[in-house]
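Content type mmCIF, C-alpha atoms, from the file final_34.cif:
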```
data_start
loop_
_atom_site.label_atom_id
_atom_site.label_comp_id
_atom_site.auth_asym_id
_atom_site.auth_seq_id
_atom_site.Cartn_x
_atom_site.Cartn_y
_atom_site.Cartn_z
CA MET A 1 171.73 81.59 86.68
CA ILE A 2 174.14 78.73 87.32
CA GLU A 3 174.05 76.01 84.69
CA THR A 4 172.98 72.58 86.01
CA PHE A 5 172.90 69.11 84.45
CA THR A 6 170.32 66.36 84.80
CA LYS A 7 171.51 63.09 86.39
CA LYS A 8 169.87 60.14 88.12
CA LYS A 9 170.00 59.68 91.89
CA LEU A 10 169.82 56.05 93.01
CA GLU A 11 168.78 55.74 96.67
CA ILE A 12 168.79 52.42 98.50
CA VAL A 13 167.42 51.86 102.01
CA LEU A 14 168.82 48.51 103.06
CA GLU A 15 169.60 46.22 105.99
CA ARG A 16 172.95 46.95 107.62
CA PRO A 17 174.33 43.39 107.17
CA LEU A 18 174.13 43.92 103.40
CA LEU A 19 176.15 47.15 103.42
CA ASN A 20 179.52 45.62 102.54
CA ARG A 21 178.04 43.57 99.72
CA LEU A 22 176.27 46.58 98.27
CA LEU A 23 179.36 48.79 98.44
CA ASP A 24 181.49 46.02 96.88
CA LEU A 25 178.96 45.79 94.09
CA LEU A 26 179.00 49.56 93.48
CA ASP A 27 182.81 49.44 93.41
CA ARG A 28 182.72 46.57 90.92
CA LEU A 29 180.29 48.50 88.73
CA GLU A 30 182.69 51.45 88.92
CA VAL A 31 180.10 54.02 89.92
CA SER A 32 181.86 57.34 90.33
CA GLY A 33 180.94 57.71 93.99
CA TYR A 34 178.44 56.88 96.72
CA THR A 35 177.52 57.92 100.26
CA ALA A 36 176.23 55.66 103.03
CA LEU A 37 174.31 56.99 106.03
CA PRO A 38 172.89 55.31 109.12
CA ALA A 39 169.09 55.36 109.36
CA LEU A 40 167.71 56.15 112.82
CA ALA A 41 164.22 54.67 112.85
CA GLY A 42 161.42 53.58 110.58
CA ARG A 43 158.37 51.51 109.90
CA GLY A 44 157.69 49.15 107.00
CA HIS A 45 156.06 45.84 106.09
CA ASP A 46 158.14 44.13 108.78
CA GLY A 47 157.10 46.52 111.54
CA VAL A 48 158.65 49.36 113.51
CA TRP A 49 162.38 49.53 114.18
CA ARG A 50 164.74 51.93 115.93
CA ARG A 51 168.50 52.02 115.65
CA GLU A 52 168.78 52.92 119.32
CA GLY A 53 169.08 49.78 121.38
CA MET A 54 169.94 47.40 118.56
CA VAL A 55 172.59 45.08 119.90
CA GLY A 56 173.96 43.90 116.56
CA GLU A 57 173.76 44.75 112.90
CA ALA A 58 170.61 42.71 112.23
CA GLY A 59 167.65 45.05 112.38
CA GLN A 60 169.66 48.18 111.65
CA MET A 61 169.05 49.96 108.37
CA ILE A 62 171.32 52.14 106.26
CA VAL A 63 170.78 54.49 103.32
CA VAL A 64 173.16 54.49 100.36
CA PHE A 65 172.86 56.94 97.52
CA CYS A 66 174.81 57.62 94.39
CA ILE A 67 174.47 59.92 91.38
CA LEU A 68 174.70 58.32 87.96
CA ASP A 69 174.59 59.28 84.36
CA GLY A 70 171.22 58.42 82.82
CA ASP A 71 172.67 55.87 80.40
CA ARG A 72 174.18 53.80 83.26
CA ILE A 73 171.17 53.59 85.53
CA ASP A 74 169.61 50.43 84.02
CA ALA A 75 172.82 48.43 84.26
CA VAL A 76 173.44 49.44 87.89
CA LEU A 77 169.80 49.04 88.88
CA SER A 78 169.53 45.48 87.56
CA GLU A 79 172.57 44.35 89.60
CA VAL A 80 171.37 46.16 92.73
CA ARG A 81 167.95 44.61 92.33
CA GLU A 82 169.44 41.15 92.13
CA LEU A 83 171.38 41.74 95.35
CA ILE A 84 168.49 42.98 97.43
CA THR A 85 165.56 41.13 95.90
CA ARG A 86 164.88 38.99 99.03
CA GLN A 87 165.96 41.57 101.60
CA ILE A 88 164.13 44.27 103.50
CA GLY A 89 164.69 47.54 101.65
CA ILE A 90 163.55 50.26 99.27
CA VAL A 91 165.13 51.36 95.98
CA THR A 92 164.19 54.63 94.34
CA VAL A 93 165.47 56.48 91.30
CA THR A 94 164.91 60.22 90.92
CA ASP A 95 166.01 62.94 88.54
CA VAL A 96 168.39 65.43 90.11
CA GLU A 97 170.26 68.49 88.92
CA VAL A 98 174.01 68.67 89.54
CA VAL A 99 176.39 71.56 89.17
CA ARG A 100 179.50 69.61 88.16
CA ARG A 101 178.60 67.33 85.23
CA ASP A 102 181.97 65.64 84.90
CA HIS A 103 181.86 64.37 88.52
CA PHE A 104 179.30 61.68 87.73
CA MET B 105 171.13 25.28 144.11
CA PHE B 106 168.58 27.69 145.63
CA ASP B 107 171.43 29.49 147.38
CA LEU B 108 173.15 29.90 144.01
CA ILE B 109 169.95 31.25 142.45
CA ALA B 110 169.40 33.66 145.36
CA ALA B 111 173.02 34.86 145.16
CA ASN B 112 172.67 35.37 141.41
CA LEU B 113 169.38 37.24 141.63
CA THR B 114 170.81 39.63 144.22
CA SER B 115 174.12 40.23 142.42
CA PRO B 116 174.69 43.76 141.04
CA VAL B 117 175.26 42.28 137.56
CA PHE B 118 171.77 40.76 137.42
CA LEU B 119 170.08 43.66 139.22
CA PHE B 120 171.44 46.19 136.68
CA PHE B 121 170.15 43.93 133.89
CA ALA B 122 166.75 43.84 135.62
CA LEU B 123 166.82 47.65 135.93
CA GLY B 124 167.42 48.00 132.18
CA LEU B 125 164.67 45.49 131.41
CA PHE B 126 162.22 47.31 133.68
CA ALA B 127 163.16 50.73 132.23
CA ALA B 128 162.56 49.53 128.66
CA LEU B 129 159.27 47.81 129.47
CA ALA B 130 158.11 50.91 131.38
CA ARG B 131 159.08 53.06 128.35
CA SER B 132 161.61 55.12 130.29
CA ASP B 133 163.88 57.35 128.21
CA LEU B 134 166.95 55.73 129.79
CA THR B 135 169.39 54.93 126.96
CA MET B 136 173.03 54.11 126.46
CA PRO B 137 174.80 55.85 123.55
CA GLU B 138 175.53 53.31 120.81
CA ALA B 139 179.24 54.15 120.71
CA VAL B 140 179.57 53.70 124.49
CA ALA B 141 177.84 50.31 124.36
CA LYS B 142 180.16 49.20 121.55
CA ALA B 143 183.25 50.38 123.43
CA ILE B 144 182.13 48.56 126.58
CA ALA B 145 181.48 45.37 124.58
CA LEU B 146 185.02 45.59 123.15
CA TYR B 147 186.42 46.15 126.64
CA LEU B 148 184.66 43.04 127.96
CA MET B 149 185.89 40.91 125.04
CA MET B 150 189.42 42.22 125.58
CA ALA B 151 189.38 41.57 129.32
CA ILE B 152 187.88 38.09 129.16
CA GLY B 153 190.04 37.05 126.19
CA PHE B 154 193.25 38.35 127.75
CA LYS B 155 192.61 36.74 131.13
CA GLY B 156 191.82 33.44 129.38
CA GLY B 157 195.04 33.59 127.36
CA ALA B 158 197.14 34.50 130.41
CA GLY B 159 195.53 31.58 132.27
CA VAL B 160 196.55 29.15 129.53
CA ALA B 161 200.08 30.62 129.53
CA ALA B 162 200.31 29.93 133.27
CA HIS B 163 198.91 26.40 133.20
CA GLY B 164 200.00 25.17 129.78
CA ILE B 165 198.18 23.47 126.91
CA ASP B 166 196.94 19.94 127.49
CA ALA B 167 194.73 17.29 125.89
CA THR B 168 191.66 18.62 127.73
CA LEU B 169 191.97 21.86 125.78
CA ILE B 170 191.86 20.02 122.45
CA GLY B 171 189.02 17.80 123.72
CA SER B 172 187.02 20.82 124.90
CA ILE B 173 187.37 22.55 121.54
CA ILE B 174 186.24 19.41 119.68
CA VAL B 175 183.28 18.85 122.02
CA GLY B 176 182.30 22.56 121.72
CA GLY B 177 182.38 22.41 117.92
CA VAL B 178 180.34 19.19 117.83
CA LEU B 179 177.75 20.60 120.27
CA SER B 180 177.36 23.76 118.19
CA PHE B 181 176.93 21.65 115.07
CA ALA B 182 174.50 19.14 116.59
CA ILE B 183 172.22 21.27 118.81
CA PRO B 184 170.49 23.01 115.83
CA PHE B 185 169.26 19.61 114.59
CA LEU B 186 167.57 18.89 117.91
CA ALA B 187 166.22 22.46 118.13
CA PHE B 188 164.87 22.31 114.58
CA PHE B 189 163.01 19.02 115.01
CA LEU B 190 161.61 20.12 118.38
CA LEU B 191 160.34 23.35 116.83
CA LYS B 192 158.83 21.41 113.94
CA ALA B 193 157.11 19.01 116.32
CA THR B 194 155.87 21.52 118.89
CA THR B 195 155.21 24.80 117.04
CA ARG B 196 153.74 26.01 113.79
CA LEU B 197 156.79 28.03 112.83
CA PRO B 198 157.55 27.88 109.09
CA ILE B 199 160.57 25.74 108.20
CA ILE B 200 162.78 28.71 107.40
CA ASP B 201 162.02 30.40 110.73
CA ALA B 202 162.60 27.13 112.59
CA ALA B 203 165.99 26.69 110.88
CA ALA B 204 166.99 30.28 111.71
CA VAL B 205 165.93 29.88 115.35
CA ALA B 206 167.85 26.58 115.52
CA ALA B 207 171.03 28.35 114.40
CA HIS B 208 170.69 30.83 117.28
CA TYR B 209 170.38 28.05 119.88
CA GLY B 210 173.37 26.12 118.52
CA SER B 211 175.56 29.20 118.54
CA ILE B 212 176.54 31.09 121.69
CA SER B 213 175.96 34.34 123.59
CA ILE B 214 179.28 35.78 124.62
CA VAL B 215 177.61 38.09 127.17
CA THR B 216 176.01 35.10 128.92
CA PHE B 217 179.46 33.52 128.93
CA VAL B 218 180.99 36.66 130.48
CA ALA B 219 178.21 36.81 133.11
CA ALA B 220 178.76 33.12 133.98
CA THR B 221 182.51 33.71 134.26
CA GLN B 222 181.84 36.60 136.64
CA ALA B 223 179.40 34.50 138.69
CA LEU B 224 182.07 31.79 139.05
CA THR B 225 184.70 34.35 140.04
CA THR B 226 182.35 35.70 142.72
CA LEU B 227 181.95 32.13 144.05
CA GLY B 228 185.74 31.72 144.10
CA VAL B 229 185.66 29.05 141.36
CA GLU B 230 188.36 29.49 138.74
CA PRO B 231 187.52 28.05 135.28
CA GLU B 232 190.13 27.02 132.71
CA GLY B 233 191.20 30.04 130.66
CA TYR B 234 190.95 28.25 127.33
CA ILE B 235 187.16 27.99 127.46
CA VAL B 236 187.35 31.40 125.75
CA ALA B 237 188.79 29.63 122.70
CA VAL B 238 185.92 27.11 122.84
CA ALA B 239 183.47 30.04 122.83
CA ALA B 240 185.02 31.37 119.61
CA VAL B 241 184.84 27.92 117.98
CA MET B 242 181.18 27.43 118.92
CA GLU B 243 179.94 30.54 117.14
CA THR B 244 179.88 29.29 113.55
CA PRO B 245 179.12 25.53 113.13
CA ALA B 246 175.46 26.08 114.10
CA ILE B 247 175.02 28.38 111.13
CA LEU B 248 176.18 25.63 108.75
CA SER B 249 173.71 23.18 110.31
CA ALA B 250 170.84 25.65 110.02
CA LEU B 251 171.62 26.42 106.37
CA TRP B 252 171.66 22.70 105.60
CA LEU B 253 168.33 22.20 107.43
CA ALA B 254 166.74 25.15 105.61
CA SER B 255 167.97 23.81 102.30
CA ARG B 256 167.02 20.17 102.96
CA TYR B 257 163.56 20.74 104.49
CA GLY B 258 162.59 24.22 103.36
CA GLY B 259 164.05 24.33 99.87
CA ALA B 260 165.97 27.50 100.74
CA LYS B 261 168.69 28.50 98.32
CA ARG B 262 172.03 27.83 99.98
CA ASP B 263 174.26 30.84 100.20
CA THR B 264 177.61 29.30 99.41
CA GLU B 265 179.32 32.63 98.95
CA SER B 266 182.66 32.48 100.71
CA GLY B 267 182.06 36.07 101.82
CA LEU B 268 179.33 34.92 104.19
CA PHE B 269 181.63 32.73 106.26
CA ARG B 270 184.41 35.28 106.22
CA GLU B 271 181.98 37.87 107.59
CA ILE B 272 180.78 35.48 110.32
CA ALA B 273 184.23 34.25 111.32
CA LEU B 274 185.70 37.75 111.35
CA ASN B 275 182.89 39.52 113.19
CA GLY B 276 184.27 42.14 115.56
CA SER B 277 183.56 40.44 118.88
CA ILE B 278 185.17 37.15 117.81
CA VAL B 279 188.28 38.91 116.45
CA MET B 280 188.60 40.91 119.69
CA LEU B 281 188.03 37.86 121.89
CA THR B 282 190.40 35.49 120.11
CA GLY B 283 192.95 38.25 119.42
CA SER B 284 193.04 39.18 123.12
CA PHE B 285 193.25 35.50 124.03
CA PHE B 286 196.40 35.09 121.94
CA ILE B 287 197.88 38.36 123.25
CA GLY B 288 197.25 37.09 126.78
CA LEU B 289 198.78 33.72 125.83
CA ILE B 290 201.92 35.38 124.43
CA SER B 291 202.41 37.99 127.16
CA GLY B 292 201.42 35.63 130.00
CA GLU B 293 201.11 36.45 133.69
CA LYS B 294 203.64 39.30 133.34
CA GLY B 295 201.45 40.97 130.72
CA LEU B 296 198.38 40.44 132.87
CA ASP B 297 200.06 42.12 135.84
CA LEU B 298 200.85 45.13 133.65
CA ILE B 299 197.26 45.77 132.60
CA ALA B 300 195.42 44.25 135.59
CA PRO B 301 194.32 47.69 136.90
CA PHE B 302 192.52 48.19 133.57
CA ILE B 303 191.06 44.75 132.86
CA ILE B 304 190.51 43.21 136.30
CA ALA B 305 189.67 45.88 138.89
CA PRO B 306 186.96 47.75 136.91
CA PHE B 307 185.60 44.61 135.20
CA GLN B 308 182.55 43.96 137.38
CA GLY B 309 181.43 47.62 137.37
CA VAL B 310 181.77 47.83 133.59
CA LEU B 311 179.87 44.56 133.22
CA CYS B 312 177.03 46.06 135.30
CA LEU B 313 176.86 49.04 132.95
CA PHE B 314 176.86 46.75 129.92
CA LEU B 315 174.12 44.57 131.35
CA LEU B 316 172.05 47.65 132.08
CA ASP B 317 172.21 48.31 128.33
CA MET B 318 171.49 44.67 127.53
CA GLY B 319 168.43 44.88 129.76
CA LEU B 320 167.27 47.91 127.81
CA VAL B 321 167.85 46.10 124.51
CA ALA B 322 166.08 42.93 125.68
CA GLY B 323 163.15 44.95 127.02
CA ARG B 324 162.75 46.92 123.80
CA GLY B 325 163.00 43.71 121.79
CA LEU B 326 160.28 42.10 123.91
CA ARG B 327 158.06 45.17 123.65
CA GLN B 328 158.32 45.21 119.87
CA GLY B 329 158.33 41.48 119.16
CA TRP B 330 156.25 39.72 121.81
CA ARG B 331 153.16 39.61 119.57
CA GLU B 332 155.07 37.34 117.19
CA LEU B 333 155.72 34.74 119.88
CA LYS B 334 153.14 32.03 120.52
CA PRO B 335 153.18 30.07 123.84
CA GLY B 336 154.89 27.05 122.23
CA VAL B 337 157.67 29.25 120.90
CA ILE B 338 158.16 31.01 124.27
CA ALA B 339 158.24 27.61 126.01
CA PHE B 340 160.94 26.50 123.55
CA GLY B 341 163.01 29.55 124.53
CA LEU B 342 162.88 28.34 128.14
CA TYR B 343 163.27 24.56 127.85
CA MET B 344 165.77 24.44 124.98
CA PRO B 345 168.62 25.97 127.06
CA MET B 346 167.98 23.38 129.79
CA LEU B 347 167.99 20.57 127.24
CA SER B 348 171.22 21.85 125.69
CA ALA B 349 172.70 22.11 129.19
CA VAL B 350 171.95 18.45 129.94
CA ILE B 351 173.40 17.35 126.59
CA ALA B 352 176.50 19.49 127.16
CA ALA B 353 176.93 18.09 130.68
CA ALA B 354 176.91 14.56 129.25
CA ALA B 355 179.31 15.55 126.45
CA VAL B 356 181.89 17.25 128.70
CA TRP B 357 181.64 14.69 131.50
CA PRO B 358 184.48 12.47 130.12
CA LEU B 359 186.79 15.52 129.84
CA ALA B 360 189.05 16.32 132.78
CA LEU B 361 187.59 19.80 133.22
CA SER B 362 187.19 21.59 136.55
CA ALA B 363 183.72 22.42 137.89
CA GLY B 364 184.21 26.01 136.65
CA GLY B 365 185.23 24.91 133.15
CA THR B 366 182.32 22.46 133.02
CA ALA B 367 179.89 25.19 134.08
CA LEU B 368 181.16 27.46 131.31
CA MET B 369 180.92 24.72 128.66
CA ILE B 370 177.33 24.03 129.77
CA THR B 371 176.55 27.77 129.73
CA LEU B 372 177.94 28.12 126.20
CA ALA B 373 175.79 25.26 124.93
CA ALA B 374 172.71 26.61 126.71
CA SER B 375 173.09 30.20 125.49
CA ALA B 376 171.63 31.56 122.27
CA SER B 377 173.28 34.03 119.93
CA TYR B 378 171.81 37.48 119.26
CA ILE B 379 174.68 39.31 117.56
CA ALA B 380 176.58 37.21 115.01
CA VAL B 381 173.87 34.74 113.99
CA PRO B 382 171.07 37.29 113.36
CA ALA B 383 173.37 39.19 110.99
CA ALA B 384 174.32 35.93 109.26
CA MET B 385 170.65 34.96 108.92
CA ARG B 386 169.81 38.27 107.27
CA LEU B 387 172.42 37.42 104.64
CA ALA B 388 171.84 33.69 104.23
CA LEU B 389 168.14 33.19 105.10
CA PRO B 390 166.52 36.58 104.45
CA ASP B 391 163.03 35.04 104.41
CA ALA B 392 163.31 34.11 108.11
CA ARG B 393 161.71 36.71 110.36
CA PRO B 394 164.10 38.57 112.70
CA ALA B 395 161.15 39.41 115.00
CA ILE B 396 160.94 35.69 115.84
CA TYR B 397 164.56 34.70 116.31
CA LEU B 398 165.80 37.94 117.87
CA THR B 399 162.92 38.16 120.34
CA MET B 400 163.37 34.53 121.33
CA SER B 401 167.11 34.64 121.90
CA LEU B 402 167.32 38.15 123.34
CA GLY B 403 163.92 38.59 124.97
CA VAL B 404 163.28 35.09 126.34
CA THR B 405 166.41 32.94 126.58
CA PHE B 406 168.95 35.62 127.51
CA PRO B 407 166.99 36.91 130.57
CA PHE B 408 166.26 33.30 131.59
CA ASN B 409 169.93 32.38 131.44
CA LEU B 410 171.03 35.49 133.33
CA SER B 411 168.49 34.99 136.13
CA LEU B 412 167.99 31.23 136.64
CA GLY B 413 170.05 29.49 133.95
CA ILE B 414 173.57 30.37 135.13
CA PRO B 415 173.08 29.19 138.75
CA ILE B 416 171.41 26.00 137.47
CA TYR B 417 174.33 25.33 135.09
CA ILE B 418 176.84 25.92 137.89
CA ALA B 419 174.91 23.53 140.15
CA LEU B 420 174.77 20.95 137.35
CA ALA B 421 178.54 21.25 136.82
CA GLU B 422 179.22 20.89 140.53
CA ALA B 423 176.97 17.82 140.63
CA ILE B 424 178.97 15.99 137.94
CA ARG B 425 182.43 17.01 139.22
#
```

Take the structure in this file and express it as structure tokens.
Amino acid sequence: MIETFTKKKLEIVLERPLLNRLLDLLDRLEVSGYTALPALAGRGHDGVWRREGMVGEAGQMIVVFCILDGDRIDAVLSEVRELITRQIGIVTVTDVEVVRRDHF
Amino acid sequence: MFDLIAANLTSPVFLFFALGLFAALARSDLTMPEAVAKAIALYLMMAIGFKGGAGVAAHGIDATLIGSIIVGGVLSFAIPFLAFFLLKATTRLPIIDAAAVAAHYGSISIVTFVAATQALTTLGVEPEGYIVAVAAVMETPAILSALWLASRYGGAKRDTESGLFREIALNGSIVMLTGSFFIGLISGEKGLDLIAPFIIAPFQGVLCLFLLDMGLVAGRGLRQGWRELKPGVIAFGLYMPMLSAVIAAAAVWPLALSAGGTALMITLAASASYIAVPAAMRLALPDARPAIYLTMSLGVTFPFNLSLGIPIYIALAEAIR
């Protein structure tokens, strides 16, 4: 049985125009790493959207996730919350198991 | 003018746009890959910017250029005020939405500009190359006006972050357009001759392909957002470009512009943004609803300008020159 370690996964679904600001914030907070992915389609309080056929960034959504140590999550979360509080988006925090503890 | 309208409505550029619009409204699975659409948009910016720069290199810089840039900037700054108060008087849009919509109508649509340039070329009318620089200048002032209006009348928090204006001013299409303009200006007619087979010969065909995609985008936008638009708001999307056109015609009249240059200045003032301003509004006025401003500029005003607007603006320019 491989040994694993419990960490926190912060996942943010956010409007594409906010991507640079979010990544700058994560850099400033010195999180050990993050990954950003394009979202293809969805439906929320503001209706249905599809990436296909969007002419600009407005209306596109992205997903950013990062793995954090449990004792850092509150500090990061409060800054992220302040950034996205008036924007369309979803923030979730989940427990995950990682194989390499010292990476995060 | 009816001849101009008939010629425009039967041009391949408009007919491909209409095909895209029809395909989207009929729920066809016709799509353009995102990367292809982006590459085509870059190509169009490069071609139009370079040709504009080479034109200025050939004819030189004069006082009309400076005057056109100043008039363009003032129009972009002033039109949102008129748009905002008209929306307040004639619709029930919340203040924040009205301010966001006003920003779109003060700023410009570069695709409408490209389509108008192509329409003039087809008619054998050559506009001044530097109107490209005016287009770049007209993108941003409207955003400042709208933020002030939202703050003054809607109590919106003003986003004074310098990052916002850097992001707007350095958006990809503006960098490509102005960058190509200066490359064209530096390399001149000689440079244009070198790359003419790439940027002149295929231009109209590529524009058709791009407008097919724009038709698809506009149709999808209309399909998703039309429920948000009340009759007063749709009417605004149709009369506001005409109003802006008349104001622009009066503002550029004292300038010594050609009929082609005048038509492009009027087109710029009458067009509404749907790329740079929506992204800026998501950052600066996140409470404004994209379904309103995007559907209005892309689903109502853009098709109007492509079909009837451009020939009307050309006729208006010819009437005052």

Would you translate the PyMOL selection byres ((chain B and resi 126) around 10) into the concrete set of residues it matches in this file, as a PDB file with C-alpha atoms, keeping the file's coordinate frame?
```
ATOM      1  CA  PHE B 120     171.440  46.190 136.680  1.00  0.00           C
ATOM      2  CA  PHE B 121     170.150  43.930 133.890  1.00  0.00           C
ATOM      3  CA  ALA B 122     166.750  43.840 135.620  1.00  0.00           C
ATOM      4  CA  LEU B 123     166.820  47.650 135.930  1.00  0.00           C
ATOM      5  CA  GLY B 124     167.420  48.000 132.180  1.00  0.00           C
ATOM      6  CA  LEU B 125     164.670  45.490 131.410  1.00  0.00           C
ATOM      7  CA  ALA B 127     163.160  50.730 132.230  1.00  0.00           C
ATOM      8  CA  ALA B 128     162.560  49.530 128.660  1.00  0.00           C
ATOM      9  CA  LEU B 129     159.270  47.810 129.470  1.00  0.00           C
ATOM     10  CA  ALA B 130     158.110  50.910 131.380  1.00  0.00           C
ATOM     11  CA  ARG B 131     159.080  53.060 128.350  1.00  0.00           C
ATOM     12  CA  SER B 132     161.610  55.120 130.290  1.00  0.00           C
ATOM     13  CA  LEU B 316     172.050  47.650 132.080  1.00  0.00           C
ATOM     14  CA  GLY B 319     168.430  44.880 129.760  1.00  0.00           C
ATOM     15  CA  LEU B 320     167.270  47.910 127.810  1.00  0.00           C
ATOM     16  CA  ALA B 322     166.080  42.930 125.680  1.00  0.00           C
ATOM     17  CA  GLY B 323     163.150  44.950 127.020  1.00  0.00           C
ATOM     18  CA  ARG B 324     162.750  46.920 123.800  1.00  0.00           C
TER      19      ARG B 324
END
```

Handout entry: Ala187 (chain B) environment, 12 Å, only C-alpha atoms, sequence neighbours closer than 6 positions dropped, as number ranges by chain
Key = B: 179-181, 193-195, 199, 201-211, 246, 249-250, 253, 337, 340-341, 343-348, 374, 376

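Minimum distance to Thr94 (chain A) across A:Val80, A:Ile2, A:Leu10, A:Ala41 (counting all atoms listed in the file) occurs at A:Leu10.
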
Practice task
May I have the residues within 10 Å of Glu3 (chain A) as a PyMOL selection string, using only C-alpha atoms and disregarding those fewer than 6 positions away in the same chain?
Solution key: chain A and resi 97-101

Practice task
Please identify every residue of chain B that has at least one atom no more than 8 Å from any atom of chain A, counting all atoms listed in the file, and report them as a PyMOL selection string.
Solution key: chain B and resi 135-138+317-318+320-321+324+328+378-380+382-384+386-387+390-391+394

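What the PyMOL selection byres ((chain A and resi 7) around 9) picks from this file is Phe5, Thr6, Lys8, Lys9, Ile67, Leu68, Asp69, Gly70, Thr94, Asp95, Val96, Glu97, Val98, Arg101 and Phe104 of chain A.
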
Quick one: residues within 7 Å of Gly153 (chain B), only C-alpha atoms, excluding same-chain residues fewer than 3 positions away - as a compact mmCIF listing (two decimals) with C-alpha atoms, in the frame of the given file?
```
# COMPACT_ATOMS: atom_id res chain seq x y z
CA MET B 149 185.89 40.91 125.04
CA MET B 150 189.42 42.22 125.58
CA GLY B 156 191.82 33.44 129.38
CA GLY B 157 195.04 33.59 127.36
CA VAL B 236 187.35 31.40 125.75
CA LEU B 281 188.03 37.86 121.89
CA THR B 282 190.40 35.49 120.11
CA SER B 284 193.04 39.18 123.12
CA PHE B 285 193.25 35.50 124.03
```

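Residues matching the PyMOL selection byres ((chain B and resi 108) around 12) in this structure come to B:Met105, B:Phe106, B:Asp107, B:Ile109, B:Ala110, B:Ala111, B:Asn112, B:Leu113, B:Thr114, B:Ser115, B:Ala220, B:Ala223, B:Leu224, B:Thr226, B:Leu227, B:Ser411, B:Leu412, B:Gly413, B:Ile414, B:Pro415, B:Ile416, B:Tyr417, B:Ile418, B:Ala419, B:Leu420, B:Glu422.
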
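One distance worth recording is that between CA of Ala239 (chain B) and CA of Arg256 (chain B), which is 27.6 Å.
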
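Here the selection is built from all atoms listed in the file, and the residues within 10 Å of (166.0, 54.1, 105.2) turn out to be Glu11, Ile12, Val13, Leu14, Glu15, Leu37, Pro38, Ala39, Leu40, Ala41, Gly42, Arg43, Gly44, Gln60, Met61, Ile62, Val63, Val64, Gly89, Ile90 and Val91 of chain A.
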
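The coordinates place CA of Ser277 (chain B) at 22.0 Å from CA of Phe118 (chain B).
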
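Here CA of Ala36 (chain A) and CA of Cys66 (chain A) stand 9.0 Å from one another.
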
If you count all atoms listed in the file, which residues fall within 8 Å of Gly325 (chain B), apart from same-chain ones fewer than 4 positions away, as a PDB file with C-alpha atoms, keeping the file's coordinate frame?
```
ATOM      1  CA  VAL B 321     167.850  46.100 124.510  1.00  0.00           C
ATOM      2  CA  GLY B 329     158.330  41.480 119.160  1.00  0.00           C
ATOM      3  CA  TRP B 330     156.250  39.720 121.810  1.00  0.00           C
ATOM      4  CA  LEU B 398     165.800  37.940 117.870  1.00  0.00           C
ATOM      5  CA  THR B 399     162.920  38.160 120.340  1.00  0.00           C
ATOM      6  CA  LEU B 402     167.320  38.150 123.340  1.00  0.00           C
ATOM      7  CA  GLY B 403     163.920  38.590 124.970  1.00  0.00           C
TER       8      GLY B 403
END
```

Handout entry: Proximity to Leu186 (chain B) - best of B:Ser377, B:Ile351, B:Gly159, B:Gly258, all atoms listed in the file
Key = B:Ile351

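Nearest to Ala349 (chain B) of all the residues B:Ile235, B:Leu361, B:Leu298, B:Asn409 is B:Asn409, based on only C-alpha atoms.
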
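With distances restricted to all atoms listed in the file, B:Met280 is the closest residue to Lys142 (chain B) from B:Leu268, B:Met369, B:Met280, B:Leu251.
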